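Here is the structure we will look at.
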Amino acid sequence: MIETTNVKAFGTEAAEAPLNELGISRRKPTAHDVEIDILFCGVCHSDLHTAKNEWHGTQYPCVPGHEIVGKIISVGDHVSKFKVGDTVGVGCIVDSCRECQYCQDGLEQFCEPGMTGTYNSPDKYLDTPTFGGYSESVVVDENYVLRIPENLDLAATAPLLCAGITTYSPLRHWNVGPGQKVGIVGIGGLGHMGIKIAKAMGAEVVAFTTSEAKFAEAKRLGADEVVMSKDKDQMAAYTGKLHFILDAVSAEHDINAFLSLLRVDGSLALVGAPEQPLPVAAFSLIMGRKSFSGSMIGGIAETQEMLDFCGEHHITADIEMIDIQEINQAYERMLKGDVKYRFVIDMASLKK
Ligand code: NAP
Ligand code: ZN
Ligand code: ZN
């Protein structure tokens, strides 16, 4: 029998229910575990999709949160990579089989039997789903824990653990760099990180937004040009101009309008995960031998590489700090695209 402790968390019991304070069990650290006191947790749109069961598969109670930054408060007997007092991060993955080809290649996100997600996955130790970072503390195997560069602000670093890696990984995979014109679609949590990271990789960045208010600001985030994607004339000016497009939109939208902006052999990678399918016209791909693809977060080693890259380039998220008690209003605002550009929960608010 595994020993557990009770900790305070914030989560929901049903798709239609608001998030509320609830109690959860965490295992006591086993030999390779570290116990982390959570300081900050970013609010990803995936938290909202999952809490509201928009991807059909949510186990309740559901405690979201996979952009975790905290301090280690205890370590198991055989932990060698970290010590008590270290400041660390936990992203979307807390375990995987460690044996399949993908795990061996550092692609734990595609683990064949399935990675263990930070929340809403079968827990390897307990009879519950895994519970995420909207909680006081979390216990994680040291092999799935990340080091935070010392020069970065902790709260603003939390969103790198999902929004950062989810944009960094495809930008690397599709070799984005100098001499390329890259589109970033949807300037939310993911999109604003995409602008900063693509720019730091040396690409020329074009931001596509539906929000008048972000139009003026996208350049401050690092975009070279900004396009109002609802304006047909502005869109037409970019036909056939982009080498690569990263689409981080959380809702239904016209994907063909963006495919038409790619150059011959260009790729559009989806990271946004809308609830409904996105119809693709055959001619959007045939004309110009274009690729339409997707990407999911990134492996553990690549997440560390991304954090180190962000440390070197002084990149963090633009955040709005909230108390955990404000999470339901934050979800409402996120649905309206009214976030600049990531909510981060000050977890001290849960301990009050
Ligand atoms: P977010 O902060 O809410 O940003 C989404 C952005 O999409 C909005 O800011 C808005 O940008 C745009 N948008 C929203 N509704 C739209 C509509 N109806 N038409 C056109 N544009 C619209 O969300 P996020 O946390 O960045 O996440 C974005 C998506 O990525 C979510 O679906 C999330 O679940 C998914 N995700 C995927 C992965 C992965 O591994 N692939 C990882 C994390 C998240 P503008 O205001 O600029 O138009
Ligand atoms: Zn996420
Ligand atoms: Zn595996």
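Residues in the structure tokens are numbered from 1 in each chain, the chains being A, B, ... in the order shown, and ligands are numbered from 1 in the order shown.
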
message: If the limit is 9 Å from any atom of ligand 2, counting only C-alpha atoms and all ligand atoms, which residues qualify? Return them as a list in words.
response: Gly42, Val43, Cys44, His45, Ser46, Asp47, Gly65, His66, Glu67, Gly91, Cys92, Pro159, Leu161, Cys162, Ala163, Thr166, Leu190 and Ile297 of chain A

Save out the residues we just selected, N, CA, C and O atoms, as a compact mmCIF listing (two decimals), in the first residue's frame.
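Saved result, part_5.txt, follows:
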```
# COMPACT_ATOMS: atom_id res chain seq x y z
N GLY A 42 0.53 28.22 -14.42
CA GLY A 42 -0.08 28.90 -15.57
C GLY A 42 -1.43 28.29 -15.90
O GLY A 42 -1.73 27.15 -15.52
N VAL A 43 -2.26 29.06 -16.60
CA VAL A 43 -3.60 28.61 -16.98
C VAL A 43 -3.64 28.44 -18.50
O VAL A 43 -3.64 29.41 -19.25
N CYS A 44 -3.63 27.18 -18.93
CA CYS A 44 -3.60 26.84 -20.36
C CYS A 44 -5.04 26.63 -20.85
O CYS A 44 -5.90 26.19 -20.10
N HIS A 45 -5.27 26.92 -22.13
CA HIS A 45 -6.63 26.68 -22.66
C HIS A 45 -6.99 25.20 -22.59
O HIS A 45 -8.16 24.84 -22.51
N SER A 46 -5.99 24.32 -22.58
CA SER A 46 -6.26 22.88 -22.43
C SER A 46 -6.89 22.59 -21.07
O SER A 46 -7.68 21.65 -20.94
N ASP A 47 -6.55 23.38 -20.05
CA ASP A 47 -7.17 23.21 -18.73
C ASP A 47 -8.68 23.39 -18.86
O ASP A 47 -9.47 22.62 -18.31
N GLY A 65 -3.99 22.07 -14.60
CA GLY A 65 -2.74 22.78 -14.31
C GLY A 65 -1.51 22.00 -14.71
O GLY A 65 -1.17 21.00 -14.06
N HIS A 66 -0.85 22.43 -15.80
CA HIS A 66 0.39 21.74 -16.20
C HIS A 66 1.49 22.74 -16.60
O HIS A 66 2.30 22.46 -17.46
N GLU A 67 1.46 23.87 -15.93
CA GLU A 67 2.55 24.85 -16.10
C GLU A 67 3.01 25.22 -14.69
O GLU A 67 2.68 26.29 -14.17
N GLY A 91 5.91 20.21 -16.41
CA GLY A 91 5.03 20.55 -17.52
C GLY A 91 3.88 19.56 -17.65
O GLY A 91 3.25 19.20 -16.65
N CYS A 92 3.64 19.11 -18.87
CA CYS A 92 2.45 18.30 -19.16
C CYS A 92 2.65 16.81 -18.91
O CYS A 92 1.69 16.05 -18.94
N PRO A 159 4.45 29.59 -17.69
CA PRO A 159 3.82 29.25 -18.98
C PRO A 159 4.76 28.61 -19.99
O PRO A 159 4.31 28.01 -20.97
N LEU A 161 6.33 26.01 -19.51
CA LEU A 161 6.24 24.56 -19.33
C LEU A 161 5.22 23.90 -20.25
O LEU A 161 5.28 22.70 -20.50
N CYS A 162 4.24 24.68 -20.75
CA CYS A 162 3.37 24.13 -21.81
C CYS A 162 3.40 25.05 -23.03
O CYS A 162 3.82 24.64 -24.11
N ALA A 163 2.99 26.30 -22.87
CA ALA A 163 2.93 27.20 -24.04
C ALA A 163 4.30 27.35 -24.69
O ALA A 163 4.41 27.41 -25.92
N THR A 166 5.30 23.87 -26.43
CA THR A 166 4.38 23.52 -27.51
C THR A 166 4.66 24.35 -28.77
O THR A 166 4.38 23.92 -29.89
N LEU A 190 -0.25 30.44 -26.18
CA LEU A 190 0.70 29.77 -27.09
C LEU A 190 1.25 30.74 -28.13
O LEU A 190 2.45 30.84 -28.35
N ILE A 297 2.97 19.25 -27.52
CA ILE A 297 3.97 19.65 -26.51
C ILE A 297 5.40 19.31 -26.98
O ILE A 297 5.79 19.67 -28.09
```

- request: Could you please write out, as a PyMOL selection string, every residue of range 88-327 of chain A that DSSP assigns to alpha helix (DSSP H)?
  value: chain A and resi 101-104+154-157+163-173+189-200+212-215+232-236+255-259+282-286+300-312+327

task: Check the DSSP output for the backbone and give back, as a ChimeraX atom specification, the residues of range 10-112 of chain A in strand (DSSP E).
output: /A:10-11,20-27,33-42,68-75,87-90,93-95

Write out as JSON lines the residues of range 139-168 of chain A that have any atom within 8 Å of an atom of range 306-313 of chain A, one row each with the nearest atom pair and its distance in Å to one decimal, counting only C-alpha atoms, sorted by chain and then rising number.
```
{"residue": "A:Arg147", "atom": "CA", "partner": "A:Leu307", "partner_atom": "CA", "distance": 7.8}
{"residue": "A:Ile148", "atom": "CA", "partner": "A:Leu307", "partner_atom": "CA", "distance": 6.7}
{"residue": "A:Pro149", "atom": "CA", "partner": "A:Gly311", "partner_atom": "CA", "distance": 5.4}
{"residue": "A:Glu150", "atom": "CA", "partner": "A:Gly311", "partner_atom": "CA", "distance": 7.7}
{"residue": "A:Asn151", "atom": "CA", "partner": "A:Gly311", "partner_atom": "CA", "distance": 6.5}
{"residue": "A:Leu152", "atom": "CA", "partner": "A:Gly311", "partner_atom": "CA", "distance": 6.4}
{"residue": "A:Leu160", "atom": "CA", "partner": "A:Leu307", "partner_atom": "CA", "distance": 7.2}
{"residue": "A:Gly164", "atom": "CA", "partner": "A:Met306", "partner_atom": "CA", "distance": 7.3}
{"residue": "A:Ile165", "atom": "CA", "partner": "A:Met306", "partner_atom": "CA", "distance": 6.3}
{"residue": "A:Tyr168", "atom": "CA", "partner": "A:Met306", "partner_atom": "CA", "distance": 6.6}
```

For N, CA and C atoms, I'd like the residues from the last selection saved as a tab-separated table (two decimals), in the first residue's frame.
```tsv
chain	number	residue	atom	x	y	z
A	147	ARG	N	14.76	21.92	-14.76
A	147	ARG	CA	15.49	23.00	-14.08
A	147	ARG	C	15.10	24.34	-14.67
A	148	ILE	N	14.91	25.35	-13.80
A	148	ILE	CA	14.52	26.69	-14.26
A	148	ILE	C	15.78	27.57	-14.32
A	149	PRO	N	16.05	28.20	-15.46
A	149	PRO	CA	17.21	29.10	-15.53
A	149	PRO	C	17.12	30.18	-14.47
A	150	GLU	N	18.28	30.50	-13.84
A	150	GLU	CA	18.27	31.39	-12.68
A	150	GLU	C	17.87	32.82	-12.99
A	151	ASN	N	18.09	33.24	-14.25
A	151	ASN	CA	17.84	34.65	-14.56
A	151	ASN	C	16.37	34.96	-14.87
A	152	LEU	N	15.51	33.96	-14.91
A	152	LEU	CA	14.12	34.21	-15.33
A	152	LEU	C	13.18	34.40	-14.14
A	160	LEU	N	6.07	28.70	-19.77
A	160	LEU	CA	6.98	28.04	-20.71
A	160	LEU	C	6.79	26.53	-20.67
A	164	GLY	N	5.35	27.37	-23.88
A	164	GLY	CA	6.70	27.52	-24.42
A	164	GLY	C	7.12	26.31	-25.23
A	165	ILE	N	7.03	25.14	-24.64
A	165	ILE	CA	7.50	23.93	-25.35
A	165	ILE	C	6.59	23.60	-26.54
A	168	TYR	N	7.91	25.95	-29.18
A	168	TYR	CA	9.33	25.73	-29.49
A	168	TYR	C	9.52	24.45	-30.30
```

Please tabulate, as a tab-separated table, the residues of chain A that come within 10 Å of ligand 3, each with its closest pair of atoms and the distance in Å to one decimal, counting only C-alpha atoms and all ligand atoms and ordering rows by chain, then residue number upward.
```
residue	atom	partner	partner_atom_place_in_ligand_line	distance
A:Asp95	CA	ligand 3	1 (Zn)	9.0
A:Ser96	CA	ligand 3	1 (Zn)	5.3
A:Cys97	CA	ligand 3	1 (Zn)	4.0
A:Arg98	CA	ligand 3	1 (Zn)	4.8
A:Glu99	CA	ligand 3	1 (Zn)	5.2
A:Cys100	CA	ligand 3	1 (Zn)	4.1
A:Gln101	CA	ligand 3	1 (Zn)	6.7
A:Tyr102	CA	ligand 3	1 (Zn)	5.7
A:Cys103	CA	ligand 3	1 (Zn)	4.3
A:Gln104	CA	ligand 3	1 (Zn)	7.4
A:Asp105	CA	ligand 3	1 (Zn)	9.3
A:Gly106	CA	ligand 3	1 (Zn)	9.2
A:Leu107	CA	ligand 3	1 (Zn)	8.1
A:Glu108	CA	ligand 3	1 (Zn)	6.0
A:Gln109	CA	ligand 3	1 (Zn)	8.4
A:Phe110	CA	ligand 3	1 (Zn)	7.2
A:Cys111	CA	ligand 3	1 (Zn)	3.6
A:Glu112	CA	ligand 3	1 (Zn)	5.1
A:Pro113	CA	ligand 3	1 (Zn)	6.2
A:Gly114	CA	ligand 3	1 (Zn)	6.7
A:Met115	CA	ligand 3	1 (Zn)	6.8
A:Thr116	CA	ligand 3	1 (Zn)	9.8
```

Kindly save the residues from that selection, with N, CA and C atoms included, as an mmCIF file, in the first residue's frame.
```
data_model
loop_
_atom_site.group_PDB
_atom_site.id
_atom_site.type_symbol
_atom_site.label_atom_id
_atom_site.label_comp_id
_atom_site.auth_asym_id
_atom_site.auth_seq_id
_atom_site.Cartn_x
_atom_site.Cartn_y
_atom_site.Cartn_z
ATOM 1 N N ASP A 95 5.096 11.129 -16.303
ATOM 2 C CA ASP A 95 5.680 9.783 -16.395
ATOM 3 C C ASP A 95 5.410 9.237 -17.785
ATOM 4 N N SER A 96 6.071 8.117 -18.121
ATOM 5 C CA SER A 96 5.829 7.427 -19.391
ATOM 6 C C SER A 96 6.445 6.045 -19.224
ATOM 7 N N CYS A 97 6.359 5.179 -20.260
ATOM 8 C CA CYS A 97 6.814 3.789 -20.059
ATOM 9 C C CYS A 97 8.331 3.684 -19.942
ATOM 10 N N ARG A 98 9.070 4.641 -20.499
ATOM 11 C CA ARG A 98 10.538 4.714 -20.448
ATOM 12 C C ARG A 98 11.225 3.647 -21.292
ATOM 13 N N GLU A 99 10.462 2.795 -21.979
ATOM 14 C CA GLU A 99 11.065 1.680 -22.717
ATOM 15 C C GLU A 99 10.799 1.715 -24.207
ATOM 16 N N CYS A 100 9.696 2.273 -24.629
ATOM 17 C CA CYS A 100 9.360 2.227 -26.053
ATOM 18 C C CYS A 100 10.339 3.104 -26.837
ATOM 19 N N GLN A 101 10.336 2.942 -28.155
ATOM 20 C CA GLN A 101 11.275 3.693 -28.993
ATOM 21 C C GLN A 101 11.125 5.200 -28.799
ATOM 22 N N TYR A 102 9.863 5.650 -28.647
ATOM 23 C CA TYR A 102 9.647 7.091 -28.519
ATOM 24 C C TYR A 102 10.212 7.618 -27.203
ATOM 25 N N CYS A 103 10.010 6.867 -26.121
ATOM 26 C CA CYS A 103 10.589 7.294 -24.840
ATOM 27 C C CYS A 103 12.112 7.342 -24.943
ATOM 28 N N GLN A 104 12.695 6.315 -25.609
ATOM 29 C CA GLN A 104 14.160 6.288 -25.730
ATOM 30 C C GLN A 104 14.663 7.434 -26.597
ATOM 31 N N ASP A 105 13.839 7.875 -27.525
ATOM 32 C CA ASP A 105 14.243 8.971 -28.406
ATOM 33 C C ASP A 105 13.891 10.347 -27.823
ATOM 34 N N GLY A 106 13.428 10.379 -26.576
ATOM 35 C CA GLY A 106 13.084 11.674 -25.964
ATOM 36 C C GLY A 106 11.777 12.247 -26.472
ATOM 37 N N LEU A 107 10.922 11.364 -26.971
ATOM 38 C CA LEU A 107 9.601 11.812 -27.446
ATOM 39 C C LEU A 107 8.526 11.224 -26.530
ATOM 40 N N GLU A 108 8.713 11.452 -25.220
ATOM 41 C CA GLU A 108 7.800 10.856 -24.229
ATOM 42 C C GLU A 108 6.349 11.243 -24.478
ATOM 43 N N GLN A 109 6.141 12.388 -25.143
ATOM 44 C CA GLN A 109 4.753 12.806 -25.398
ATOM 45 C C GLN A 109 4.025 11.822 -26.314
ATOM 46 N N PHE A 110 4.802 11.019 -27.053
ATOM 47 C CA PHE A 110 4.191 10.042 -27.970
ATOM 48 C C PHE A 110 4.406 8.595 -27.485
ATOM 49 N N CYS A 111 4.733 8.420 -26.214
ATOM 50 C CA CYS A 111 4.960 7.092 -25.613
ATOM 51 C C CYS A 111 3.887 6.115 -26.088
ATOM 52 N N GLU A 112 4.323 4.914 -26.525
ATOM 53 C CA GLU A 112 3.362 3.967 -27.128
ATOM 54 C C GLU A 112 2.240 3.536 -26.193
ATOM 55 N N PRO A 113 2.543 3.071 -24.990
ATOM 56 C CA PRO A 113 1.411 2.748 -24.101
ATOM 57 C C PRO A 113 0.698 4.006 -23.626
ATOM 58 N N GLY A 114 1.288 5.161 -23.835
ATOM 59 C CA GLY A 114 0.664 6.429 -23.432
ATOM 60 C C GLY A 114 1.434 7.083 -22.305
ATOM 61 N N MET A 115 1.749 8.355 -22.478
ATOM 62 C CA MET A 115 2.417 9.083 -21.392
ATOM 63 C C MET A 115 1.427 9.295 -20.252
ATOM 64 N N THR A 116 1.956 9.556 -19.063
ATOM 65 C CA THR A 116 1.097 9.964 -17.951
ATOM 66 C C THR A 116 1.060 11.483 -17.944
#
```

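Every protein or nucleic acid residue with an atom no more than 9 Å from Ser291 in chain A, counting only C-alpha atoms and leaving out same-chain residues fewer than 4 positions away, appears here: Leu259, Asp265, Gly266, Ser267, Leu268, Ala269 and Leu285 of chain A.
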
Could you pull out the residues sitting within 6 Å of ligand 1, using only C-alpha atoms and all ligand atoms, and write them as an mmCIF file with C-alpha atoms, in the first residue's frame?
```
data_model
loop_
_atom_site.group_PDB
_atom_site.id
_atom_site.type_symbol
_atom_site.label_atom_id
_atom_site.label_comp_id
_atom_site.auth_asym_id
_atom_site.auth_seq_id
_atom_site.Cartn_x
_atom_site.Cartn_y
_atom_site.Cartn_z
ATOM 1 C CA CYS A 44 -3.601 26.838 -20.355
ATOM 2 C CA HIS A 45 -6.626 26.685 -22.661
ATOM 3 C CA SER A 46 -6.261 22.884 -22.435
ATOM 4 C CA CYS A 162 3.370 24.129 -21.810
ATOM 5 C CA ALA A 163 2.927 27.203 -24.036
ATOM 6 C CA THR A 166 4.380 23.523 -27.514
ATOM 7 C CA GLY A 186 -3.914 33.206 -32.675
ATOM 8 C CA ILE A 187 -2.115 35.465 -30.232
ATOM 9 C CA GLY A 188 -3.071 33.861 -26.945
ATOM 10 C CA GLY A 189 -0.881 32.016 -24.458
ATOM 11 C CA LEU A 190 0.700 29.773 -27.086
ATOM 12 C CA GLY A 191 0.737 32.303 -29.909
ATOM 13 C CA THR A 209 -4.971 37.952 -34.934
ATOM 14 C CA THR A 210 -8.740 38.430 -34.826
ATOM 15 C CA SER A 211 -8.452 40.934 -31.943
ATOM 16 C CA ALA A 248 -2.489 28.099 -32.125
ATOM 17 C CA VAL A 249 -6.204 28.888 -32.390
ATOM 18 C CA SER A 250 -8.457 27.226 -29.803
ATOM 19 C CA ALA A 251 -11.738 27.402 -31.777
ATOM 20 C CA GLU A 252 -13.137 26.690 -35.244
ATOM 21 C CA HIS A 253 -11.652 28.850 -38.017
ATOM 22 C CA VAL A 271 -0.982 23.115 -32.149
ATOM 23 C CA GLY A 272 -4.414 24.523 -31.336
ATOM 24 C CA ALA A 273 -6.907 21.790 -30.537
ATOM 25 C CA PRO A 274 -10.464 22.999 -31.254
ATOM 26 C CA SER A 295 2.483 18.839 -33.004
ATOM 27 C CA MET A 296 1.948 18.056 -29.327
ATOM 28 C CA ILE A 297 3.973 19.648 -26.510
ATOM 29 C CA MET A 334 -9.877 33.274 -21.853
ATOM 30 C CA GLY A 337 -9.554 35.973 -26.043
#
```

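With only C-alpha atoms as the atoms that count, the residue of A:Thr5, A:Ser80, A:Asn20, A:Thr58 with the shortest distance to Val34 in chain A is A:Ser80.
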
- prompt: Leaving out Lys219 in chain A and any residue of its chain fewer than 2 positions from it, which residues lie within 12 Å of it when counting only C-alpha atoms, given as a PyMOL selection string?
  reply: chain A and resi 187+192+195-196+199+204-209+214-217+221-227

Could those residues be written to a file, using C-alpha atoms, as a tab-separated table (two decimals), in the first residue's frame?
```tsv
chain	number	residue	atom	x	y	z
A	187	ILE	CA	-2.11	35.46	-30.23
A	192	HIS	CA	2.51	35.06	-27.97
A	195	ILE	CA	6.13	35.06	-31.70
A	196	LYS	CA	8.91	35.47	-29.14
A	199	LYS	CA	11.87	35.75	-33.51
A	204	GLU	CA	10.83	37.06	-39.80
A	205	VAL	CA	7.53	36.80	-37.91
A	206	VAL	CA	4.04	37.68	-39.11
A	207	ALA	CA	1.34	37.60	-36.41
A	208	PHE	CA	-2.28	36.84	-37.36
A	209	THR	CA	-4.97	37.95	-34.93
A	214	LYS	CA	-3.75	42.86	-29.96
A	215	PHE	CA	-3.10	44.29	-33.41
A	216	ALA	CA	-1.14	47.21	-32.01
A	217	GLU	CA	0.68	45.09	-29.47
A	221	LEU	CA	5.91	41.05	-28.55
A	222	GLY	CA	8.40	40.82	-31.41
A	223	ALA	CA	6.34	40.40	-34.59
A	224	ASP	CA	7.74	42.16	-37.67
A	225	GLU	CA	4.28	42.47	-39.23
A	226	VAL	CA	0.71	42.00	-38.00
A	227	VAL	CA	-2.33	40.92	-40.02
```

- request: Show which residues sit within 7 Å of Met321 in chain A, as an NGL selection string. Count only C-alpha atoms, and ignore same-chain residues fewer than 5 positions away.
  value: :A and (343-346)

What does the file look like for those residues with N, CA, C and O atoms, as a CSV table (one decimal), in the first residue's frame?
```csv
chain,number,residue,atom,x,y,z
A,343,PHE,N,-2.7,33.9,-18.0
A,343,PHE,CA,-3.0,34.0,-16.6
A,343,PHE,C,-2.0,33.0,-15.9
A,343,PHE,O,-1.8,31.9,-16.3
A,344,VAL,N,-1.5,33.5,-14.7
A,344,VAL,CA,-0.7,32.6,-13.9
A,344,VAL,C,-1.3,32.8,-12.5
A,344,VAL,O,-1.5,33.9,-12.0
A,345,ILE,N,-1.5,31.6,-11.9
A,345,ILE,CA,-2.1,31.6,-10.5
A,345,ILE,C,-1.0,31.7,-9.5
A,345,ILE,O,0.0,30.9,-9.5
A,346,ASP,N,-1.1,32.7,-8.6
A,346,ASP,CA,-0.2,32.8,-7.4
A,346,ASP,C,-0.8,31.8,-6.4
A,346,ASP,O,-1.8,32.0,-5.8
```

message: I want to know what sits within 12 Å of Pro279 in chain A, based on only C-alpha atoms, with residues of the same chain fewer than 4 positions away left out; could you give that as number ranges by chain?
response: A: 252-257, 259, 283-284, 292
